[in-house]
>>> print(open('model.txt').read())   # compact mmCIF, C-alpha atoms
# COMPACT_ATOMS: atom_id res chain seq x y z
CA MET A 245 0.00 0.00 0.00
CA ALA A 246 1.36 3.42 -0.97
CA LYS A 247 2.19 5.78 1.87
CA LYS A 248 -0.39 8.54 2.23
CA GLN A 249 0.95 11.96 1.29
CA LYS A 250 1.25 14.59 3.97
CA PHE A 251 1.55 18.34 3.61
CA TYR A 252 4.06 20.40 5.57
CA VAL A 253 3.44 23.96 6.69
CA VAL A 254 6.51 26.08 7.39
CA TRP A 255 5.58 29.30 9.17
CA PHE A 256 9.17 30.33 9.75
CA GLY A 257 11.80 29.03 7.37
CA ASN A 258 13.77 29.84 4.25
CA PRO A 259 11.40 30.00 2.52
CA ALA A 260 8.12 29.70 4.43
CA GLY A 261 5.20 28.02 2.69
CA ILE A 262 3.33 24.75 2.18
CA PHE A 263 5.27 21.74 0.91
CA GLY A 264 4.12 18.40 -0.42
CA SER A 265 7.05 16.34 0.84
CA TRP A 266 9.30 16.08 3.87
CA GLU A 267 12.40 16.63 1.71
CA GLU A 268 11.07 20.00 0.51
CA CYS A 269 10.15 20.96 4.06
CA LYS A 270 13.56 19.90 5.33
CA ARG A 271 15.34 22.10 2.81
CA SER A 272 13.30 25.12 3.89
CA ILE A 273 14.08 24.72 7.60
CA HIS A 274 17.70 23.55 7.33
CA GLY A 275 19.94 25.89 9.29
CA VAL A 276 17.05 28.11 10.38
CA ALA A 277 17.18 28.71 14.13
CA GLY A 278 13.71 28.48 15.65
CA ALA A 279 12.12 27.11 12.47
CA GLN A 280 8.36 26.57 12.85
CA TYR A 281 6.72 23.72 10.97
CA LYS A 282 4.13 20.95 11.27
CA SER A 283 2.61 18.22 9.07
CA PHE A 284 -1.06 17.94 8.09
CA GLU A 285 -3.12 15.17 6.50
CA THR A 286 -4.68 17.29 3.73
CA PHE A 287 -3.75 20.34 1.68
CA ASP A 288 -6.90 22.11 2.87
CA GLU A 289 -5.88 21.68 6.51
CA ALA A 290 -2.37 22.89 5.70
CA LYS A 291 -3.69 25.96 3.84
CA LYS A 292 -5.94 26.97 6.75
CA ALA A 293 -3.09 26.46 9.23
CA TYR A 294 -0.65 28.51 7.16
CA ASN A 295 -2.97 31.50 7.41
CA LYS A 296 -2.96 31.24 11.19
CA ASN A 297 -0.23 31.21 13.84
CA TYR A 298 2.13 28.30 14.55
CA ALA A 299 1.27 28.51 18.26
CA ASP A 300 -2.36 27.66 17.42
CA PHE A 301 -1.35 24.25 16.07
CA LYS A 302 1.79 23.07 17.88
CA GLY A 303 0.67 20.07 19.94
CA LYS A 304 -3.01 20.98 19.56
CA THR A 305 -4.40 17.59 18.61
CA VAL A 306 -2.59 15.59 21.29
CA LYS A 307 -3.48 18.00 24.07
CA LYS A 308 -7.18 17.24 23.58
CA THR A 309 -6.61 13.66 24.76
CA LEU A 310 -5.89 14.80 28.32
CA SER A 311 -8.24 16.31 30.86
CA LYS A 312 -7.68 19.71 32.42
CA GLU A 313 -6.77 18.01 35.69
CA GLN A 314 -4.19 15.79 33.97
CA LEU A 315 -2.60 18.76 32.24
CA GLN A 316 -2.39 20.66 35.50
CA LYS A 317 -0.75 17.68 37.19
CA ILE A 318 1.89 17.36 34.47
CA GLY A 319 2.56 21.08 34.35
CA GLU A 320 4.64 22.87 31.75
CA PRO A 321 8.02 21.79 30.33
CA ASN A 322 11.19 23.22 31.84
CA LEU A 323 12.51 25.52 29.12
CA TYR A 324 15.94 25.63 30.75
CA SER A 325 16.83 22.42 28.97
CA ILE A 326 17.76 20.80 25.71
CA ALA A 327 15.67 18.26 23.81
CA VAL A 328 16.87 15.41 21.60
CA ASP A 329 15.18 13.25 19.00
CA ALA A 330 15.90 10.95 16.06
CA ALA A 331 14.17 10.02 12.82
CA SER A 332 14.53 6.98 10.60
CA SER A 333 13.15 6.49 7.09
CA GLY A 334 12.56 2.76 7.34
CA ASN A 335 13.52 0.35 10.10
CA PRO A 336 16.33 -0.04 9.43
CA GLY A 337 16.77 2.90 7.09
CA LYS A 338 18.36 6.28 6.68
CA MET A 339 18.64 7.73 10.20
CA GLU A 340 19.67 11.04 11.77
CA TYR A 341 19.45 12.67 15.17
CA ARG A 342 19.77 16.09 16.72
CA GLY A 343 19.57 18.20 19.86
CA VAL A 344 17.93 21.62 20.19
CA ASP A 345 17.44 24.34 22.75
CA THR A 346 13.97 23.61 24.14
CA GLN A 347 12.96 27.26 24.37
CA THR A 348 14.31 28.68 21.11
CA HIS A 349 14.42 25.45 19.05
CA LYS A 350 17.93 26.44 17.95
CA GLN A 351 19.76 23.36 16.72
CA LEU A 352 22.74 22.60 18.96
CA PHE A 353 24.04 19.46 17.26
CA HIS A 354 23.09 17.14 14.43
CA GLN A 355 24.48 13.84 13.16
CA GLY A 356 23.59 11.94 10.00
CA PRO A 357 22.03 10.84 7.95
CA PHE A 358 23.47 7.36 8.40
CA GLN A 359 22.63 4.96 5.59
CA GLN A 360 21.38 2.11 7.76
CA GLY A 361 20.16 2.68 11.30
CA THR A 362 17.08 2.51 13.50
CA ASN A 363 15.14 5.11 15.40
CA ASN A 364 16.06 3.53 18.74
CA ILE A 365 19.78 3.69 17.95
CA GLY A 366 19.34 7.32 16.97
CA GLU A 367 17.50 8.14 20.19
CA PHE A 368 20.27 6.46 22.20
CA LEU A 369 23.04 8.33 20.40
CA ALA A 370 21.14 11.61 20.71
CA LEU A 371 20.87 11.16 24.48
CA VAL A 372 24.55 10.36 24.93
CA HIS A 373 25.52 13.24 22.65
CA GLY A 374 23.30 15.50 24.74
CA LEU A 375 24.91 14.33 27.98
CA ALA A 376 28.41 14.91 26.59
CA PHE A 377 27.38 18.29 25.17
CA LEU A 378 26.07 19.53 28.52
CA GLN A 379 29.02 18.10 30.43
CA LYS A 380 31.49 19.87 28.15
CA LYS A 381 29.72 23.18 28.74
CA ALA A 382 29.42 22.51 32.50
CA SER A 383 25.70 23.19 32.10
CA ASP A 384 23.09 22.31 34.72
CA ARG A 385 20.25 22.19 32.20
CA ILE A 386 18.06 19.07 32.07
CA LEU A 387 17.78 16.80 29.04
CA TYR A 388 14.45 15.83 27.45
CA THR A 389 13.77 12.72 25.37
CA ASP A 390 10.53 11.05 24.28
CA SER A 391 12.11 7.57 24.18
CA ARG A 392 11.82 5.31 27.23
CA ILE A 393 13.86 2.65 25.40
CA ALA A 394 16.78 5.02 24.92
CA VAL A 395 16.68 6.03 28.58
CA GLY A 396 16.87 2.36 29.56
CA TRP A 397 19.84 1.77 27.28
CA VAL A 398 21.66 4.79 28.67
CA GLU A 399 21.05 3.63 32.23
CA LYS A 400 22.50 0.21 31.35
CA LYS A 401 25.33 1.86 29.36
CA LYS A 402 24.52 -0.49 26.47
CA CYS A 403 22.83 0.02 23.10
CA ASN A 404 20.74 -3.14 23.08
CA THR A 405 19.85 -3.07 19.40
CA LYS A 406 19.00 -6.14 17.33
CA LEU A 407 20.40 -4.53 14.20
CA LYS A 408 23.30 -6.55 12.80
CA GLN A 409 26.55 -4.82 11.98
CA SER A 410 27.48 -4.71 8.31
CA ALA A 411 29.73 -2.82 5.94
CA LYS A 412 26.85 -0.42 5.29
CA ASN A 413 26.45 0.62 8.93
CA LYS A 414 30.04 0.23 10.11
CA THR A 415 30.41 3.97 10.80
CA LEU A 416 27.21 3.98 12.85
CA PHE A 417 28.33 1.06 15.02
CA GLU A 418 31.67 2.76 15.60
CA LEU A 419 29.73 5.75 16.93
CA VAL A 420 27.62 3.44 19.13
CA ALA A 421 30.81 1.92 20.60
CA ARG A 422 32.15 5.41 21.34
CA ALA A 423 28.88 6.33 23.05
CA GLU A 424 28.91 3.19 25.19
CA ASN A 425 32.51 3.85 26.16
CA TRP A 426 31.67 7.45 27.08
CA LEU A 427 28.92 6.24 29.42
CA LYS A 428 31.28 3.77 31.06
CA THR A 429 34.09 6.27 31.56
CA ASN A 430 32.21 9.44 32.50
CA LYS A 431 30.06 10.55 35.38
CA TYR A 432 27.32 13.05 34.75
CA GLU A 433 24.84 14.95 36.89
CA THR A 434 22.42 15.82 34.07
CA LYS A 435 18.84 14.86 34.79
CA ILE A 436 17.17 12.97 31.93
CA VAL A 437 13.44 13.67 31.78
CA LYS A 438 10.68 12.07 29.69
CA TRP A 439 9.04 14.57 27.34
CA GLU A 440 5.25 14.50 27.92
CA THR A 441 4.08 14.41 24.30
CA LYS A 442 0.37 14.07 25.16
CA ALA A 443 0.49 17.27 27.17
CA TRP A 444 3.05 19.38 25.33
CA GLY A 445 2.92 18.19 21.72
CA GLU A 446 5.88 16.86 19.77
CA ILE A 447 9.29 17.26 21.33
CA PRO A 448 11.05 20.41 20.00
CA ALA A 449 13.78 18.31 18.39
CA ASP A 450 11.19 16.35 16.36
CA PHE A 451 11.95 16.10 12.63
CA GLY A 452 8.31 16.63 11.68
CA ARG A 453 7.82 13.32 9.88
CA LYS A 454 4.74 12.20 11.81
>>> encode(input="model.txt", output="structure tokens")
Amino acid sequence: MAKKQKFYVVWFGNPAGIFGSWEECKRSIHGVAGAQYKSFETFDEAKKAYNKNYADFKGKTVKKTLSKEQLQKIGEPNLYSIAVDAASSGNPGKMEYRGVDTQTHKQLFHQGPFQQGTNNIGEFLALVHGLAFLQKKASDRILYTDSRIAVGWVEKKKCNTKLKQSAKNKTLFELVARAENWLKTNKYETKIVKWETKAWGEIPADFGRK
């Protein structure tokens, strides 16, 4: 079955507009600090959204699934933080990851794309990269991720992937080994926190491929 087309609205990018593919959207937001974008199921929805404000749509649909009491209990995200995420086109497939400033959405680091990886590997590497990034800057900011699996792997200091190493993903596995070694040889005080997607919408580091 063919994958259903989505439409991408870019409120703040270079250029802004409505795009019919993720690749077009990606080109318009690449290198743009604080880029604002979101995917929609139909062109009509995208057109209506483009004529409104980004803030009106970011996380809007998922927030409706929680009650007012639940939202109050969860509270708001701590903006004094960085957020990490990964995206994979296929499983395995072309994978990349990044970290951003939670408040400004400014991209702080980015790796990839790797030719053969998985989303879980990307989430793991993003977390370790985030920990090393904050340690290097002696920062006391917290670190957000939306992956419980990656958190578990970091805690165990082991990327427990089922993906087999091959010539195609050799570079990726070398990076995984470096990340595991970093966890085993470094102590960190950074607090890793689960991003509450149902309350806050997609994590700021999201690649917009939903």
>>> residues_near_point(input="model.txt", point="(29.5, 0.4, 22.6)", cutoff="12 Å", atoms="all atoms listed in the file", output="tab-separated table (two decimals) with C-alpha atoms, in the coordinates of the input")
chain	number	residue	atom	x	y	z
A	365	ILE	CA	19.78	3.69	17.95
A	368	PHE	CA	20.27	6.46	22.20
A	369	LEU	CA	23.04	8.33	20.40
A	372	VAL	CA	24.55	10.36	24.93
A	397	TRP	CA	19.84	1.77	27.28
A	398	VAL	CA	21.66	4.79	28.67
A	400	LYS	CA	22.50	0.21	31.35
A	401	LYS	CA	25.33	1.86	29.36
A	402	LYS	CA	24.52	-0.49	26.47
A	403	CYS	CA	22.83	0.02	23.10
A	404	ASN	CA	20.74	-3.14	23.08
A	405	THR	CA	19.85	-3.07	19.40
A	416	LEU	CA	27.21	3.98	12.85
A	417	PHE	CA	28.33	1.06	15.02
A	418	GLU	CA	31.67	2.76	15.60
A	419	LEU	CA	29.73	5.75	16.93
A	420	VAL	CA	27.62	3.44	19.13
A	421	ALA	CA	30.81	1.92	20.60
A	422	ARG	CA	32.15	5.41	21.34
A	423	ALA	CA	28.88	6.33	23.05
A	424	GLU	CA	28.91	3.19	25.19
A	425	ASN	CA	32.51	3.85	26.16
A	426	TRP	CA	31.67	7.45	27.08
A	427	LEU	CA	28.92	6.24	29.42
A	428	LYS	CA	31.28	3.77	31.06
A	429	THR	CA	34.09	6.27	31.56
>>> closest_residue(input="model.txt", among="A:Ser391, A:Gln347, A:Asn363, A:Ser332", to="A:Glu320", atoms="all atoms listed in the file")
A:Gln347
>>> closest_residue(input="model.txt", among="A:Val328, A:Phe301, A:Glu313, A:Lys442", to="A:Lys350", atoms="only C-alpha atoms")
A:Val328
>>> residues_around(input="model.txt", residues="A:His354", least_positions_apart="5", cutoff="10 Å", atoms="all atoms listed in the file", output="ChimeraX atom specification")
/A:328-330,340-344,370,373
>>> atom_distance(input="model.txt", atom1="atom CA of A:Lys380", atom2="atom CA of A:Asn430")
11.3 Å
>>> atom_distance(input="model.txt", atom1="atom CA of A:Phe353", atom2="atom CA of A:Asp300")
27.6 Å
>>> closest_residue(input="model.txt", among="A:Glu446, A:Glu268, A:Glu367, A:Glu440", to="A:Val254", atoms="all atoms listed in the file")
A:Glu268
>>> residues_near_point(input="model.txt", point="(1.9, 23.7, 7.4)", cutoff="9 Å", atoms="only C-alpha atoms", output="number ranges by chain")
A: 251-255, 261-263, 280-284, 287, 289-294, 298
>>> write_last_selection(input="model.txt", atoms="C-alpha atoms", output="JSON list (two decimals), keeping the file's coordinate frame")
[["chain", "number", "residue", "atom", "x", "y", "z"],
["A", 251, "PHE", "CA", 1.55, 18.34, 3.61],
["A", 252, "TYR", "CA", 4.06, 20.40, 5.57],
["A", 253, "VAL", "CA", 3.44, 23.96, 6.69],
["A", 254, "VAL", "CA", 6.51, 26.08, 7.39],
["A", 255, "TRP", "CA", 5.58, 29.30, 9.17],
["A", 261, "GLY", "CA", 5.20, 28.02, 2.69],
["A", 262, "ILE", "CA", 3.33, 24.75, 2.18],
["A", 263, "PHE", "CA", 5.27, 21.74, 0.91],
["A", 280, "GLN", "CA", 8.36, 26.57, 12.85],
["A", 281, "TYR", "CA", 6.72, 23.72, 10.97],
["A", 282, "LYS", "CA", 4.13, 20.95, 11.27],
["A", 283, "SER", "CA", 2.61, 18.22, 9.07],
["A", 284, "PHE", "CA", -1.06, 17.94, 8.09],
["A", 287, "PHE", "CA", -3.75, 20.34, 1.68],
["A", 289, "GLU", "CA", -5.88, 21.68, 6.51],
["A", 290, "ALA", "CA", -2.37, 22.89, 5.70],
["A", 291, "LYS", "CA", -3.69, 25.96, 3.84],
["A", 292, "LYS", "CA", -5.94, 26.97, 6.75],
["A", 293, "ALA", "CA", -3.09, 26.46, 9.23],
["A", 294, "TYR", "CA", -0.65, 28.51, 7.16],
["A", 298, "TYR", "CA", 2.13, 28.30, 14.55]]
>>> decode(input="model.txt", residues="stretch 365-402 of chain A", atoms="N, CA and C atoms", output="CSV table (one decimal), in the first residue's frame")
chain,number,residue,atom,x,y,z
A,365,ILE,N,18.3,3.4,17.9
A,365,ILE,CA,19.8,3.7,18.0
A,365,ILE,C,20.0,5.2,17.9
A,366,GLY,N,19.2,5.9,17.1
A,366,GLY,CA,19.3,7.3,17.0
A,366,GLY,C,19.0,8.0,18.3
A,367,GLU,N,17.9,7.5,18.9
A,367,GLU,CA,17.5,8.1,20.2
A,367,GLU,C,18.6,7.9,21.3
A,368,PHE,N,19.2,6.8,21.3
A,368,PHE,CA,20.3,6.5,22.2
A,368,PHE,C,21.5,7.4,22.0
A,369,LEU,N,21.9,7.5,20.7
A,369,LEU,CA,23.0,8.3,20.4
A,369,LEU,C,22.8,9.8,20.7
A,370,ALA,N,21.5,10.2,20.4
A,370,ALA,CA,21.1,11.6,20.7
A,370,ALA,C,21.2,11.9,22.2
A,371,LEU,N,20.8,11.0,23.0
A,371,LEU,CA,20.9,11.2,24.5
A,371,LEU,C,22.3,11.3,25.0
A,372,VAL,N,23.1,10.3,24.5
A,372,VAL,CA,24.6,10.4,24.9
A,372,VAL,C,25.2,11.6,24.4
A,373,HIS,N,24.9,12.0,23.2
A,373,HIS,CA,25.5,13.2,22.6
A,373,HIS,C,25.1,14.4,23.5
A,374,GLY,N,23.8,14.4,23.9
A,374,GLY,CA,23.3,15.5,24.7
A,374,GLY,C,24.0,15.6,26.1
A,375,LEU,N,24.2,14.4,26.7
A,375,LEU,CA,24.9,14.3,28.0
A,375,LEU,C,26.3,14.9,27.9
A,376,ALA,N,27.0,14.5,26.8
A,376,ALA,CA,28.4,14.9,26.6
A,376,ALA,C,28.4,16.4,26.3
A,377,PHE,N,27.5,16.9,25.5
A,377,PHE,CA,27.4,18.3,25.2
A,377,PHE,C,27.2,19.2,26.4
A,378,LEU,N,26.3,18.8,27.3
A,378,LEU,CA,26.1,19.5,28.5
A,378,LEU,C,27.2,19.4,29.5
A,379,GLN,N,27.9,18.3,29.5
A,379,GLN,CA,29.0,18.1,30.4
A,379,GLN,C,30.2,19.0,30.0
A,380,LYS,N,30.4,19.0,28.7
A,380,LYS,CA,31.5,19.9,28.1
A,380,LYS,C,31.3,21.3,28.5
A,381,LYS,N,30.0,21.8,28.5
A,381,LYS,CA,29.7,23.2,28.7
A,381,LYS,C,29.5,23.4,30.2
A,382,ALA,N,29.6,22.4,31.1
A,382,ALA,CA,29.4,22.5,32.5
A,382,ALA,C,28.0,23.1,32.8
A,383,SER,N,27.1,22.7,32.0
A,383,SER,CA,25.7,23.2,32.1
A,383,SER,C,24.9,22.3,33.1
A,384,ASP,N,24.0,23.0,33.8
A,384,ASP,CA,23.1,22.3,34.7
A,384,ASP,C,21.7,22.2,34.1
A,385,ARG,N,21.6,22.4,32.8
A,385,ARG,CA,20.2,22.2,32.2
A,385,ARG,C,19.8,20.7,32.2
A,386,ILE,N,18.5,20.4,32.1
A,386,ILE,CA,18.1,19.1,32.1
A,386,ILE,C,18.0,18.7,30.6
A,387,LEU,N,17.8,17.4,30.4
A,387,LEU,CA,17.8,16.8,29.0
A,387,LEU,C,16.5,16.0,28.8
A,388,TYR,N,15.7,16.5,27.8
A,388,TYR,CA,14.4,15.8,27.4
A,388,TYR,C,14.6,14.8,26.3
A,389,THR,N,13.9,13.7,26.4
A,389,THR,CA,13.8,12.7,25.4
A,389,THR,C,12.4,12.2,25.4
A,390,ASP,N,11.9,11.7,24.3
A,390,ASP,CA,10.5,11.0,24.3
A,390,ASP,C,10.7,9.5,24.2
A,391,SER,N,11.9,9.0,24.3
A,391,SER,CA,12.1,7.6,24.2
A,391,SER,C,12.5,6.9,25.5
A,392,ARG,N,11.5,6.1,26.0
A,392,ARG,CA,11.8,5.3,27.2
A,392,ARG,C,12.9,4.2,27.0
A,393,ILE,N,12.9,3.7,25.8
A,393,ILE,CA,13.9,2.7,25.4
A,393,ILE,C,15.3,3.2,25.5
A,394,ALA,N,15.5,4.4,24.9
A,394,ALA,CA,16.8,5.0,24.9
A,394,ALA,C,17.2,5.3,26.3
A,395,VAL,N,16.3,5.8,27.2
A,395,VAL,CA,16.7,6.0,28.6
A,395,VAL,C,17.2,4.8,29.2
A,396,GLY,N,16.5,3.6,29.0
A,396,GLY,CA,16.9,2.4,29.6
A,396,GLY,C,18.2,1.9,29.1
A,397,TRP,N,18.5,2.1,27.8
A,397,TRP,CA,19.8,1.8,27.3
A,397,TRP,C,20.9,2.6,27.9
A,398,VAL,N,20.7,3.9,28.1
A,398,VAL,CA,21.7,4.8,28.7
A,398,VAL,C,21.9,4.4,30.1
A,399,GLU,N,20.9,4.1,30.8
A,399,GLU,CA,21.1,3.6,32.2
A,399,GLU,C,21.9,2.4,32.3
A,400,LYS,N,21.7,1.5,31.4
A,400,LYS,CA,22.5,0.2,31.3
A,400,LYS,C,23.9,0.4,30.6
A,401,LYS,N,24.1,1.6,30.1
A,401,LYS,CA,25.3,1.9,29.4
A,401,LYS,C,25.6,0.9,28.2
A,402,LYS,N,24.5,0.5,27.6
A,402,LYS,CA,24.5,-0.5,26.5
A,402,LYS,C,23.4,-0.2,25.5
